[in-house]
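So this block is run-v7.pdb, PDB, C-alpha atoms:
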ATOM      1  CA  MET Y  12       0.000   0.000   0.000
ATOM      2  CA  GLN Y  13       1.301   3.465  -0.897
ATOM      3  CA  TYR Y  14       0.931   6.362   1.499
ATOM      4  CA  ARG Y  15       0.764   9.944   0.353
ATOM      5  CA  ALA Y  16       2.880  12.484   2.194
ATOM      6  CA  VAL Y  17       0.837  14.753   4.430
ATOM      7  CA  LYS Y  18       0.891  18.333   3.143
ATOM      8  CA  ARG Y  19       1.665  21.079   5.622
ATOM      9  CA  PRO Y  20       0.281  24.640   5.645
ATOM     10  CA  VAL Y  21       3.805  26.028   5.363
ATOM     11  CA  SER Y  22       4.380  29.489   3.879
ATOM     12  CA  GLY Y  23       7.472  31.526   3.162
ATOM     13  CA  VAL Y  24      10.296  32.189   0.729
ATOM     14  CA  LEU Y  25      13.194  29.764   0.296
ATOM     15  CA  LEU Y  26      16.387  31.031  -1.320
ATOM     16  CA  LEU Y  27      17.485  27.960  -3.255
ATOM     17  CA  ASP Y  28      20.864  27.501  -4.925
ATOM     18  CA  LYS Y  29      19.854  25.523  -8.022
ATOM     19  CA  PRO Y  30      22.392  22.968  -9.236
ATOM     20  CA  ALA Y  31      23.330  22.435 -12.865
ATOM     21  CA  GLY Y  32      21.692  19.630 -14.816
ATOM     22  CA  ILE Y  33      18.084  20.004 -13.706
ATOM     23  CA  SER Y  34      15.287  22.341 -14.708
ATOM     24  CA  SER Y  35      13.970  25.049 -12.419
ATOM     25  CA  ASN Y  36      10.702  23.147 -12.144
ATOM     26  CA  THR Y  37      12.501  19.966 -11.053
ATOM     27  CA  ALA Y  38      14.380  21.960  -8.393
ATOM     28  CA  LEU Y  39      11.083  23.498  -7.311
ATOM     29  CA  GLN Y  40       9.385  20.100  -6.971
ATOM     30  CA  LYS Y  41      12.297  18.751  -4.914
ATOM     31  CA  ALA Y  42      12.067  21.704  -2.534
ATOM     32  CA  LYS Y  43       8.286  21.383  -2.370
ATOM     33  CA  ARG Y  44       8.585  17.729  -1.347
ATOM     34  CA  LEU Y  45      11.201  18.526   1.290
ATOM     35  CA  TYR Y  46       8.845  21.022   2.881
ATOM     36  CA  GLN Y  47       5.742  18.872   2.259
ATOM     37  CA  ALA Y  48       4.148  22.068   0.971
ATOM     38  CA  ALA Y  49       0.712  22.052  -0.589
ATOM     39  CA  LYS Y  50       1.569  24.911  -2.924
ATOM     40  CA  ALA Y  51       4.828  26.191  -4.386
ATOM     41  CA  GLY Y  52       6.182  28.287  -7.241
ATOM     42  CA  HIS Y  53       9.487  29.837  -8.304
ATOM     43  CA  THR Y  54      10.202  33.415  -9.255
ATOM     44  CA  GLY Y  55      12.171  33.283 -12.486
ATOM     45  CA  ASN Y  56      13.333  30.384 -14.619
ATOM     46  CA  LEU Y  57      16.957  29.250 -14.883
ATOM     47  CA  ASP Y  58      18.055  27.044 -17.775
ATOM     48  CA  PRO Y  59      19.065  23.476 -16.818
ATOM     49  CA  PHE Y  60      22.784  24.152 -17.435
ATOM     50  CA  ALA Y  61      22.665  27.262 -15.210
ATOM     51  CA  THR Y  62      23.112  27.410 -11.444
ATOM     52  CA  GLY Y  63      22.402  29.897  -8.709
ATOM     53  CA  LEU Y  64      19.698  31.841  -6.974
ATOM     54  CA  LEU Y  65      16.172  30.506  -7.442
ATOM     55  CA  PRO Y  66      13.750  31.942  -4.881
ATOM     56  CA  VAL Y  67      10.968  29.443  -4.177
ATOM     57  CA  CYS Y  68       7.653  30.640  -2.777
ATOM     58  CA  LEU Y  69       5.661  28.278  -0.571
ATOM     59  CA  GLY Y  70       2.023  28.495   0.440
ATOM     60  CA  GLU Y  71       0.637  32.024   0.823
ATOM     61  CA  ALA Y  72       3.921  33.560  -0.369
ATOM     62  CA  THR Y  73       3.057  32.417  -3.915
ATOM     63  CA  LYS Y  74       0.528  35.264  -4.034
ATOM     64  CA  PHE Y  75       3.378  37.762  -4.147
ATOM     65  CA  SER Y  76       5.867  35.991  -6.429
ATOM     66  CA  GLN Y  77       5.141  38.339  -9.358
ATOM     67  CA  PHE Y  78       6.886  41.174  -7.563
ATOM     68  CA  LEU Y  79      10.197  39.313  -7.710
ATOM     69  CA  LEU Y  80       9.713  38.244 -11.334
ATOM     70  CA  ASP Y  81       9.917  41.945 -12.205
ATOM     71  CA  ALA Y  82      13.110  42.558 -10.196
ATOM     72  CA  ASP Y  83      16.564  43.322 -11.583
ATOM     73  CA  LYS Y  84      19.046  40.432 -11.640
ATOM     74  CA  THR Y  85      22.800  39.807 -11.512
ATOM     75  CA  TYR Y  86      24.630  36.944 -13.222
ATOM     76  CA  GLN Y  87      28.150  35.666 -13.639
ATOM     77  CA  GLY Y  88      28.662  34.166 -17.072
ATOM     78  CA  LEU Y  89      31.533  32.413 -18.795
ATOM     79  CA  ILE Y  90      31.542  33.244 -22.514
ATOM     80  CA  ARG Y  91      33.372  30.928 -24.914
ATOM     81  CA  LEU Y  92      34.764  32.794 -27.911
ATOM     82  CA  GLY Y  93      35.404  31.321 -31.345
ATOM     83  CA  GLN Y  94      32.379  29.010 -31.523
ATOM     84  CA  THR Y  95      28.626  29.300 -31.906
ATOM     85  CA  THR Y  96      26.026  26.661 -31.052
ATOM     86  CA  THR Y  97      22.431  25.982 -32.045
ATOM     87  CA  THR Y  98      21.191  26.941 -28.583
ATOM     88  CA  GLY Y  99      23.685  29.643 -27.621
ATOM     89  CA  ASP Y 100      24.853  27.474 -24.714
ATOM     90  CA  PRO Y 101      26.832  24.215 -24.206
ATOM     91  CA  GLU Y 102      23.737  22.039 -24.687
ATOM     92  CA  GLY Y 103      23.546  22.743 -28.410
ATOM     93  CA  GLU Y 104      25.495  21.474 -31.397
ATOM     94  CA  VAL Y 105      28.459  23.504 -32.654
ATOM     95  CA  LEU Y 106      27.510  25.579 -35.689
ATOM     96  CA  THR Y 107      30.693  27.503 -36.462
ATOM     97  CA  ARG Y 108      34.319  27.619 -35.381
ATOM     98  CA  GLN Y 109      36.635  30.574 -35.872
ATOM     99  CA  GLU Y 110      40.066  31.576 -34.687
ATOM    100  CA  VAL Y 111      40.031  34.086 -31.824
ATOM    101  CA  ARG Y 112      42.167  37.130 -32.560
ATOM    102  CA  VAL Y 113      41.031  39.747 -30.067
ATOM    103  CA  GLY Y 114      42.929  41.700 -27.440
ATOM    104  CA  LEU Y 115      42.008  42.968 -24.013
ATOM    105  CA  GLU Y 116      41.379  46.548 -25.109
ATOM    106  CA  GLN Y 117      39.093  45.411 -27.929
ATOM    107  CA  VAL Y 118      37.121  43.250 -25.489
ATOM    108  CA  ARG Y 119      36.709  46.167 -23.081
ATOM    109  CA  GLN Y 120      35.534  48.496 -25.864
ATOM    110  CA  VAL Y 121      32.967  45.964 -27.098
ATOM    111  CA  LEU Y 122      31.609  45.291 -23.605
ATOM    112  CA  GLU Y 123      31.209  49.029 -23.046
ATOM    113  CA  ARG Y 124      28.886  49.197 -26.063
ATOM    114  CA  PHE Y 125      26.413  46.832 -24.404
ATOM    115  CA  ILE Y 126      25.920  48.906 -21.243
ATOM    116  CA  GLY Y 127      22.607  50.783 -21.099
ATOM    117  CA  LYS Y 128      19.408  50.150 -23.028
ATOM    118  CA  ILE Y 129      19.908  47.540 -25.736
ATOM    119  CA  SER Y 130      17.680  45.597 -28.122
ATOM    120  CA  GLN Y 131      17.594  41.797 -27.986
ATOM    121  CA  VAL Y 132      15.877  39.245 -30.194
ATOM    122  CA  PRO Y 133      14.677  36.421 -27.880
ATOM    123  CA  PRO Y 134      16.384  33.096 -28.697
ATOM    124  CA  MET Y 135      14.450  30.265 -30.307
ATOM    125  CA  TYR Y 136      15.478  28.011 -27.435
ATOM    126  CA  SER Y 137      13.414  29.887 -24.862
ATOM    127  CA  ALA Y 138      10.137  29.417 -22.995
ATOM    128  CA  LEU Y 139       8.485  32.387 -24.682
ATOM    129  CA  LYS Y 140       5.227  31.364 -26.293
ATOM    130  CA  ARG Y 141       3.955  31.842 -29.816
ATOM    131  CA  ASP Y 142       0.378  30.757 -30.583
ATOM    132  CA  GLY Y 143       0.265  28.937 -27.250
ATOM    133  CA  LYS Y 144       3.444  26.976 -27.948
ATOM    134  CA  ALA Y 145       6.907  27.548 -26.417
ATOM    135  CA  LEU Y 146       9.566  28.705 -28.877
ATOM    136  CA  TYR Y 147      11.858  25.824 -27.947
ATOM    137  CA  GLU Y 148       9.179  23.399 -29.189
ATOM    138  CA  TYR Y 149       9.377  24.984 -32.651
ATOM    139  CA  ALA Y 150      13.183  24.932 -32.470
ATOM    140  CA  ARG Y 151      13.246  21.217 -31.670
ATOM    141  CA  GLN Y 152      11.209  20.638 -34.831
ATOM    142  CA  GLY Y 153      13.792  22.528 -36.853
ATOM    143  CA  LEU Y 154      11.507  25.539 -37.271
ATOM    144  CA  GLU Y 155      12.324  29.184 -36.729
ATOM    145  CA  VAL Y 156       9.601  31.771 -36.173
ATOM    146  CA  GLU Y 157       9.861  35.537 -36.300
ATOM    147  CA  ARG Y 158      10.501  37.164 -32.923
ATOM    148  CA  ALA Y 159      10.065  40.843 -32.194
ATOM    149  CA  PRO Y 160      13.106  42.502 -30.606
ATOM    150  CA  ARG Y 161      12.663  43.715 -27.030
ATOM    151  CA  GLU Y 162      14.401  46.468 -25.116
ATOM    152  CA  VAL Y 163      16.281  45.525 -21.954
ATOM    153  CA  THR Y 164      18.754  47.393 -19.771
ATOM    154  CA  ILE Y 165      22.289  46.330 -18.897
ATOM    155  CA  TYR Y 166      23.203  48.297 -15.769
ATOM    156  CA  GLY Y 167      26.693  46.865 -15.469
ATOM    157  CA  LEU Y 168      28.957  44.571 -17.475
ATOM    158  CA  ILE Y 169      32.216  43.862 -15.650
ATOM    159  CA  LEU Y 170      35.048  41.868 -17.191
ATOM    160  CA  GLU Y 171      36.306  39.588 -14.434
ATOM    161  CA  ARG Y 172      38.744  37.568 -16.539
ATOM    162  CA  PHE Y 173      39.947  37.334 -20.129
ATOM    163  CA  ALA Y 174      42.118  34.360 -20.992
ATOM    164  CA  GLY Y 175      42.525  32.996 -24.510
ATOM    165  CA  ASP Y 176      39.045  32.208 -25.741
ATOM    166  CA  GLU Y 177      37.208  32.793 -22.445
ATOM    167  CA  LEU Y 178      35.513  35.859 -21.012
ATOM    168  CA  LEU Y 179      34.198  35.779 -17.446
ATOM    169  CA  VAL Y 180      31.735  38.627 -16.932
ATOM    170  CA  THR Y 181      29.377  39.869 -14.242
ATOM    171  CA  VAL Y 182      26.127  41.235 -15.661
ATOM    172  CA  SER Y 183      23.580  43.381 -13.819
ATOM    173  CA  CYS Y 184      20.419  43.696 -15.874
ATOM    174  CA  SER Y 185      16.699  44.290 -16.033
ATOM    175  CA  LYS Y 186      14.065  41.563 -16.182
ATOM    176  CA  GLY Y 187      13.692  39.802 -19.524
ATOM    177  CA  THR Y 188      17.405  39.914 -20.383
ATOM    178  CA  TYR Y 189      18.750  36.808 -22.105
ATOM    179  CA  ILE Y 190      22.396  36.312 -21.120
ATOM    180  CA  ARG Y 191      22.783  33.681 -23.870
ATOM    181  CA  THR Y 192      21.757  36.278 -26.438
ATOM    182  CA  LEU Y 193      24.082  38.824 -24.853
ATOM    183  CA  ALA Y 194      26.985  36.354 -25.141
ATOM    184  CA  GLU Y 195      26.177  35.671 -28.802
ATOM    185  CA  ASP Y 196      25.915  39.385 -29.577
ATOM    186  CA  ILE Y 197      29.267  40.047 -27.888
ATOM    187  CA  GLY Y 198      30.777  37.303 -30.043
ATOM    188  CA  LYS Y 199      29.355  38.897 -33.183
ATOM    189  CA  ALA Y 200      30.708  42.301 -32.189
ATOM    190  CA  LEU Y 201      34.159  40.787 -31.627
ATOM    191  CA  GLY Y 202      33.980  39.107 -35.047
ATOM    192  CA  CYS Y 203      34.668  35.583 -33.805
ATOM    193  CA  GLY Y 204      31.316  34.282 -32.545
ATOM    194  CA  ALA Y 205      30.588  33.080 -29.019
ATOM    195  CA  TYR Y 206      28.253  31.082 -26.832
ATOM    196  CA  LEU Y 207      27.479  31.035 -23.113
ATOM    197  CA  GLN Y 208      29.524  28.231 -21.548
ATOM    198  CA  SER Y 209      28.188  28.570 -17.992
ATOM    199  CA  LEU Y 210      25.865  30.828 -16.039
ATOM    200  CA  ARG Y 211      25.311  31.492 -12.356
ATOM    201  CA  ARG Y 212      22.645  33.859 -11.000
ATOM    202  CA  THR Y 213      24.011  35.677  -7.975
ATOM    203  CA  ALA Y 214      21.275  38.175  -7.100
ATOM    204  CA  ILE Y 215      17.598  38.981  -7.651
ATOM    205  CA  GLY Y 216      16.432  42.291  -6.278
ATOM    206  CA  GLU Y 217      17.622  42.452  -2.662
ATOM    207  CA  PHE Y 218      18.289  38.692  -2.451
ATOM    208  CA  ALA Y 219      21.852  37.342  -2.799
ATOM    209  CA  ILE Y 220      23.309  33.902  -3.487
ATOM    210  CA  LYS Y 221      25.323  34.017  -0.235
ATOM    211  CA  ASP Y 222      22.056  33.543   1.661
ATOM    212  CA  ALA Y 223      20.837  30.600  -0.450
ATOM    213  CA  PHE Y 224      20.805  26.881   0.392
ATOM    214  CA  THR Y 225      21.533  23.882  -1.785
ATOM    215  CA  LEU Y 226      19.162  20.925  -1.963
ATOM    216  CA  GLU Y 227      21.820  18.778  -0.287
ATOM    217  CA  ARG Y 228      22.036  21.112   2.706
ATOM    218  CA  LEU Y 229      18.262  21.219   3.029
ATOM    219  CA  GLU Y 230      18.012  17.427   2.857
ATOM    220  CA  ALA Y 231      20.432  17.135   5.792
ATOM    221  CA  MET Y 232      18.280  19.401   7.995
ATOM    222  CA  THR Y 233      15.397  18.579  10.303
ATOM    223  CA  VAL Y 234      11.927  19.926   9.478
ATOM    224  CA  GLU Y 235      12.362  22.624  12.125
ATOM    225  CA  GLU Y 236      15.740  23.658  10.722
ATOM    226  CA  ARG Y 237      14.340  23.891   7.213
ATOM    227  CA  ASP Y 238      11.393  25.981   8.371
ATOM    228  CA  ALA Y 239      13.776  28.346  10.146
ATOM    229  CA  ARG Y 240      15.469  29.075   6.802
ATOM    230  CA  LEU Y 241      12.273  30.434   5.262
ATOM    231  CA  LEU Y 242      11.853  34.177   4.816
ATOM    232  CA  SER Y 243       8.452  35.761   5.319
ATOM    233  CA  GLY Y 244       6.251  36.524   2.319
ATOM    234  CA  ASP Y 245       6.682  40.275   2.737
ATOM    235  CA  SER Y 246      10.399  39.884   1.924
ATOM    236  CA  LEU Y 247       9.262  39.890  -1.725
ATOM    237  CA  LEU Y 248       7.831  43.391  -1.302
ATOM    238  CA  GLN Y 249      10.645  45.347   0.297
ATOM    239  CA  GLY Y 250      10.417  48.138  -2.257
ATOM    240  CA  HIS Y 251       6.835  48.991  -1.324
ATOM    241  CA  PRO Y 252       5.698  51.302   1.497
ATOM    242  CA  GLN Y 253       4.367  49.870   4.757
ATOM    243  CA  VAL Y 254       0.995  50.749   6.273
ATOM    244  CA  VAL Y 255      -0.144  49.677   9.753
ATOM    245  CA  LEU Y 256      -3.885  49.130  10.234
ATOM    246  CA  ASP Y 257      -5.850  49.310  13.463
ATOM    247  CA  LYS Y 258      -8.060  46.439  14.605
ATOM    248  CA  ASP Y 259     -11.272  47.764  13.020
ATOM    249  CA  SER Y 260      -9.586  48.438   9.682
ATOM    250  CA  VAL Y 261      -8.150  44.904   9.650
ATOM    251  CA  PHE Y 262     -11.640  43.499  10.282
ATOM    252  CA  TYR Y 263     -13.206  45.269   7.292
ATOM    253  CA  LEU Y 264     -10.200  44.819   4.990
ATOM    254  CA  GLN Y 265     -10.211  41.049   5.497
ATOM    255  CA  ARG Y 266     -13.843  41.041   4.399
ATOM    256  CA  GLY Y 267     -12.957  42.640   1.080
ATOM    257  CA  GLN Y 268     -13.802  46.235   1.936
ATOM    258  CA  ALA Y 269     -11.669  49.298   1.301
ATOM    259  CA  VAL Y 270     -10.761  51.155   4.472
ATOM    260  CA  TRP Y 271     -10.027  54.818   5.056
ATOM    261  CA  LEU Y 272      -7.064  55.888   7.153
ATOM    262  CA  PRO Y 273      -6.143  59.472   7.956
ATOM    263  CA  ARG Y 274      -2.670  60.690   7.017
ATOM    264  CA  VAL Y 275      -2.026  57.972   4.426
ATOM    265  CA  THR Y 276       0.097  59.714   1.806
ATOM    266  CA  GLU Y 277       1.436  56.665  -0.052
ATOM    267  CA  GLN Y 278       0.495  55.889  -3.642
ATOM    268  CA  GLY Y 279       0.042  52.581  -5.475
ATOM    269  CA  VAL Y 280       0.726  49.206  -3.860
ATOM    270  CA  VAL Y 281       1.424  49.114  -0.109
ATOM    271  CA  ARG Y 282       2.332  46.376   2.377
ATOM    272  CA  LEU Y 283      -0.274  45.913   5.076
ATOM    273  CA  TYR Y 284       0.336  44.979   8.729
ATOM    274  CA  ASP Y 285      -1.726  44.861  11.896
ATOM    275  CA  GLU Y 286      -0.675  46.677  15.057
ATOM    276  CA  ALA Y 287       1.225  43.585  16.242
ATOM    277  CA  GLY Y 288       3.377  43.635  13.074
ATOM    278  CA  LEU Y 289       1.679  40.673  11.377
ATOM    279  CA  PHE Y 290       1.893  40.831   7.580
ATOM    280  CA  LEU Y 291      -1.619  40.832   6.112
ATOM    281  CA  GLY Y 292      -0.943  41.170   2.388
ATOM    282  CA  ILE Y 293      -0.990  44.030  -0.091
ATOM    283  CA  GLY Y 294      -3.444  46.783  -0.795
ATOM    284  CA  GLU Y 295      -3.676  49.704  -3.158
ATOM    285  CA  VAL Y 296      -4.308  53.325  -2.287
ATOM    286  CA  THR Y 297      -7.307  54.551  -4.276
ATOM    287  CA  GLU Y 298      -7.913  58.044  -5.640
ATOM    288  CA  GLU Y 299     -10.261  58.647  -2.684
ATOM    289  CA  GLY Y 300      -7.425  57.937  -0.277
ATOM    290  CA  LYS Y 301      -8.772  54.593   0.843
ATOM    291  CA  ILE Y 302      -6.797  51.352   0.963
ATOM    292  CA  ALA Y 303      -8.397  48.611  -1.105
ATOM    293  CA  PRO Y 304      -7.390  44.970  -0.513
ATOM    294  CA  ARG Y 305      -5.587  43.347  -3.445
ATOM    295  CA  ARG Y 306      -3.971  40.109  -2.234
ATOM    296  CA  LEU Y 307      -4.382  39.081   1.364
ATOM    297  CA  VAL Y 308      -2.774  36.312   3.372
ATOM    298  CA  VAL Y 309      -5.137  33.511   4.454
ATOM    299  CA  PHE Y 310      -4.126  32.298   7.887
ATOM    300  CA  PRO Y 311      -4.571  28.654   8.962
ATOM    301  CA  SER Y 312      -7.759  28.093  10.939
ATOM    302  CA  GLY Y 313      -7.595  26.846  14.472
TER     303      GLY Y 313
END

Would you write out, as structure tokens, the structure that this file holds?
Amino acid sequence: MQYRAVKRPVSGVLLLDKPAGISSNTALQKAKRLYQAAKAGHTGNLDPFATGLLPVCLGEATKFSQFLLDADKTYQGLIRLGQTTTTGDPEGEVLTRQEVRVGLEQVRQVLERFIGKISQVPPMYSALKRDGKALYEYARQGLEVERAPREVTIYGLILERFAGDELLVTVSCSKGTYIRTLAEDIGKALGCGAYLQSLRRTAIGEFAIKDAFTLERLEAMTVEERDARLLSGDSLLQGHPQVVLDKDSVFYLQRGQAVWLPRVTEQGVVRLYDEAGLFLGIGEVTEEGKIAPRRLVVFPSG
């Protein structure tokens, strides 16, 4: 007889250090099973060959995952010069080979050109959808579909190492940036071609890889130790103002009603707390100056 694991009403944010060789969804499912969570989701896909920071939202924290999807990100990438591949990464087949004849000053000048707002054409091997179908599904069938270029921002592009046919760079960028495409475009600009050999995400918004845990470390912990590593759901909303509600306002807000508070000067989305400091969810300040509930935390009964 098979027994199903009992799901727990656990909520919070886990900073996971995803290993290479598995998809983000596989890493998510492993973490979900470790926590016996009823509900889980991640906040930004990493390719199977990539490693690094993958925040996982459990339980009620999943309601606020979108706010981290929109956050800026930092990566460390190893770019292999002199070759291109079908996928722009080491998982594809080699398309071209060319001798690398570039110097340090040329590399620095080319990297400088990619800082700021740039236009990228999303790669065919990506999860973007066209007519309800992921682009990588078309690519696997040998098909290529037209993709509209998109504007992204590269805030910083630091050359950490240049040796022979390898560039190690640290990239700080806006959401939606494809580091594989950036590597390929750098290779084109250098005139020798390139692909992304390895990739590690080191930061998302205010979260850093130094605070993340591997699956192996989590597996070695007790349930209590794992739970202690979870961050609260409001950690996803640190850029938004905080509003404290009195007992009566909490009562009406949790029943779906907008509440009026004197001296509320914030605009847009706000974090909501009761007088004891308990995170209640998010609301939005209306034109009338009221706070309307948008996504509220549901607390376990009993």

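Residues with at least one atom no more than 12 Å from (6.3, 19.4, -3.6), using only C-alpha atoms, are Arg15, Ala16, Val17, Lys18, Arg19, Val21, Asn36, Thr37, Ala38, Leu39, Gln40, Lys41, Ala42, Lys43, Arg44, Leu45, Tyr46, Gln47, Ala48, Ala49, Lys50, Ala51, Gly52, His53, Val67, Cys68, Leu69 and Gly70 of chain Y.
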
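Using all atoms listed in the file for every distance, the candidate list Y:Val105, Y:Leu80, Y:Leu210, Y:Val111 yields Y:Leu210 as the residue closest to Pro59 in chain Y.
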
Counting all atoms listed in the file, which of Y:Asp285, Y:Glu299, Y:Glu116, Y:Asp176 gets nearest to Leu92 in chain Y?
Y:Asp176

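Going from CA of Ala72 in chain Y over to CA of Leu289 in chain Y, you cover 13.9 Å.
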
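Comparing the minimum interatomic distances between Leu283 in chain Y and each of Y:Thr188, Y:Thr95, Y:Thr213, Y:Gln253, counting all atoms listed in the file, we find that Y:Gln253 sits nearest.
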
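Counting all atoms listed in the file, the residue from Y:Thr181, Y:Ser34, Y:Thr192, Y:Ser76 that sits nearest to Ile129 in chain Y is Y:Thr192.
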
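Of the residues under consideration (Y:Val261, Y:Val254, Y:Ile33, Y:Leu229), Y:Val254 shows the shortest atom-to-atom contact distance to Gly279 in chain Y when counting all atoms listed in the file.
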
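Taking CA of Phe218 in chain Y and CA of Leu241 in chain Y as the two end points, the separation is 12.8 Å.
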
Using all atoms listed in the file, which residues sit within 7 Å of Ala194 in chain Y once same-chain residues fewer than 3 positions away are excluded, as a ChimeraX atom specification?
/Y:90,190-191,197-198,205-207

Surrounding residues of range 108-110 of chain Y excluding itself and chain neighbours under 3 positions, 7 Å, all atoms listed in the file, as a PyMOL selection string
chain Y and resi 93-95+203

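Going from CA of Arg212 in chain Y over to CA of Lys74 in chain Y, you cover 23.2 Å.
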
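The shortest atom-to-atom distance to Gln249 in chain Y, with all atoms listed in the file taken into account, belongs to Y:Glu217 out of Y:Glu104, Y:Glu217, Y:Glu230, Y:Glu157.
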
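The shell of residues at most 10 Å from Arg211 in chain Y, with all atoms listed in the file counted and near chain neighbours (fewer than 3 positions) removed, consists of Asp28, Lys29, Pro30, Ala31, Leu57, Phe60, Ala61, Thr62, Gly63, Leu64, Thr85, Tyr86, Gln87, Gly88, Leu89, Thr181, Ala214 and Ile220 of chain Y.
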
Which centre and which edge lengths, in Å to one decimal, describe the axis-aligned box that holds all listed atoms of range 103-119 of chain Y after 5 Å is added on each side, as JSON?
{"center_x": 33.2, "center_y": 34.0, "center_z": -29.8, "size_x": 29.4, "size_y": 35.1, "size_z": 23.4}

Within 10 Å of Asp257 in chain Y, counting only C-alpha atoms, which residues qualify if same-chain residues fewer than 6 places away don't, as a compact mmCIF listing (two decimals) with C-alpha atoms, keeping the file's coordinate frame?
# COMPACT_ATOMS: atom_id res chain seq x y z
CA LEU Y 272 -7.06 55.89 7.15
CA TYR Y 284 0.34 44.98 8.73
CA ASP Y 285 -1.73 44.86 11.90
CA GLU Y 286 -0.68 46.68 15.06
CA ALA Y 287 1.23 43.58 16.24
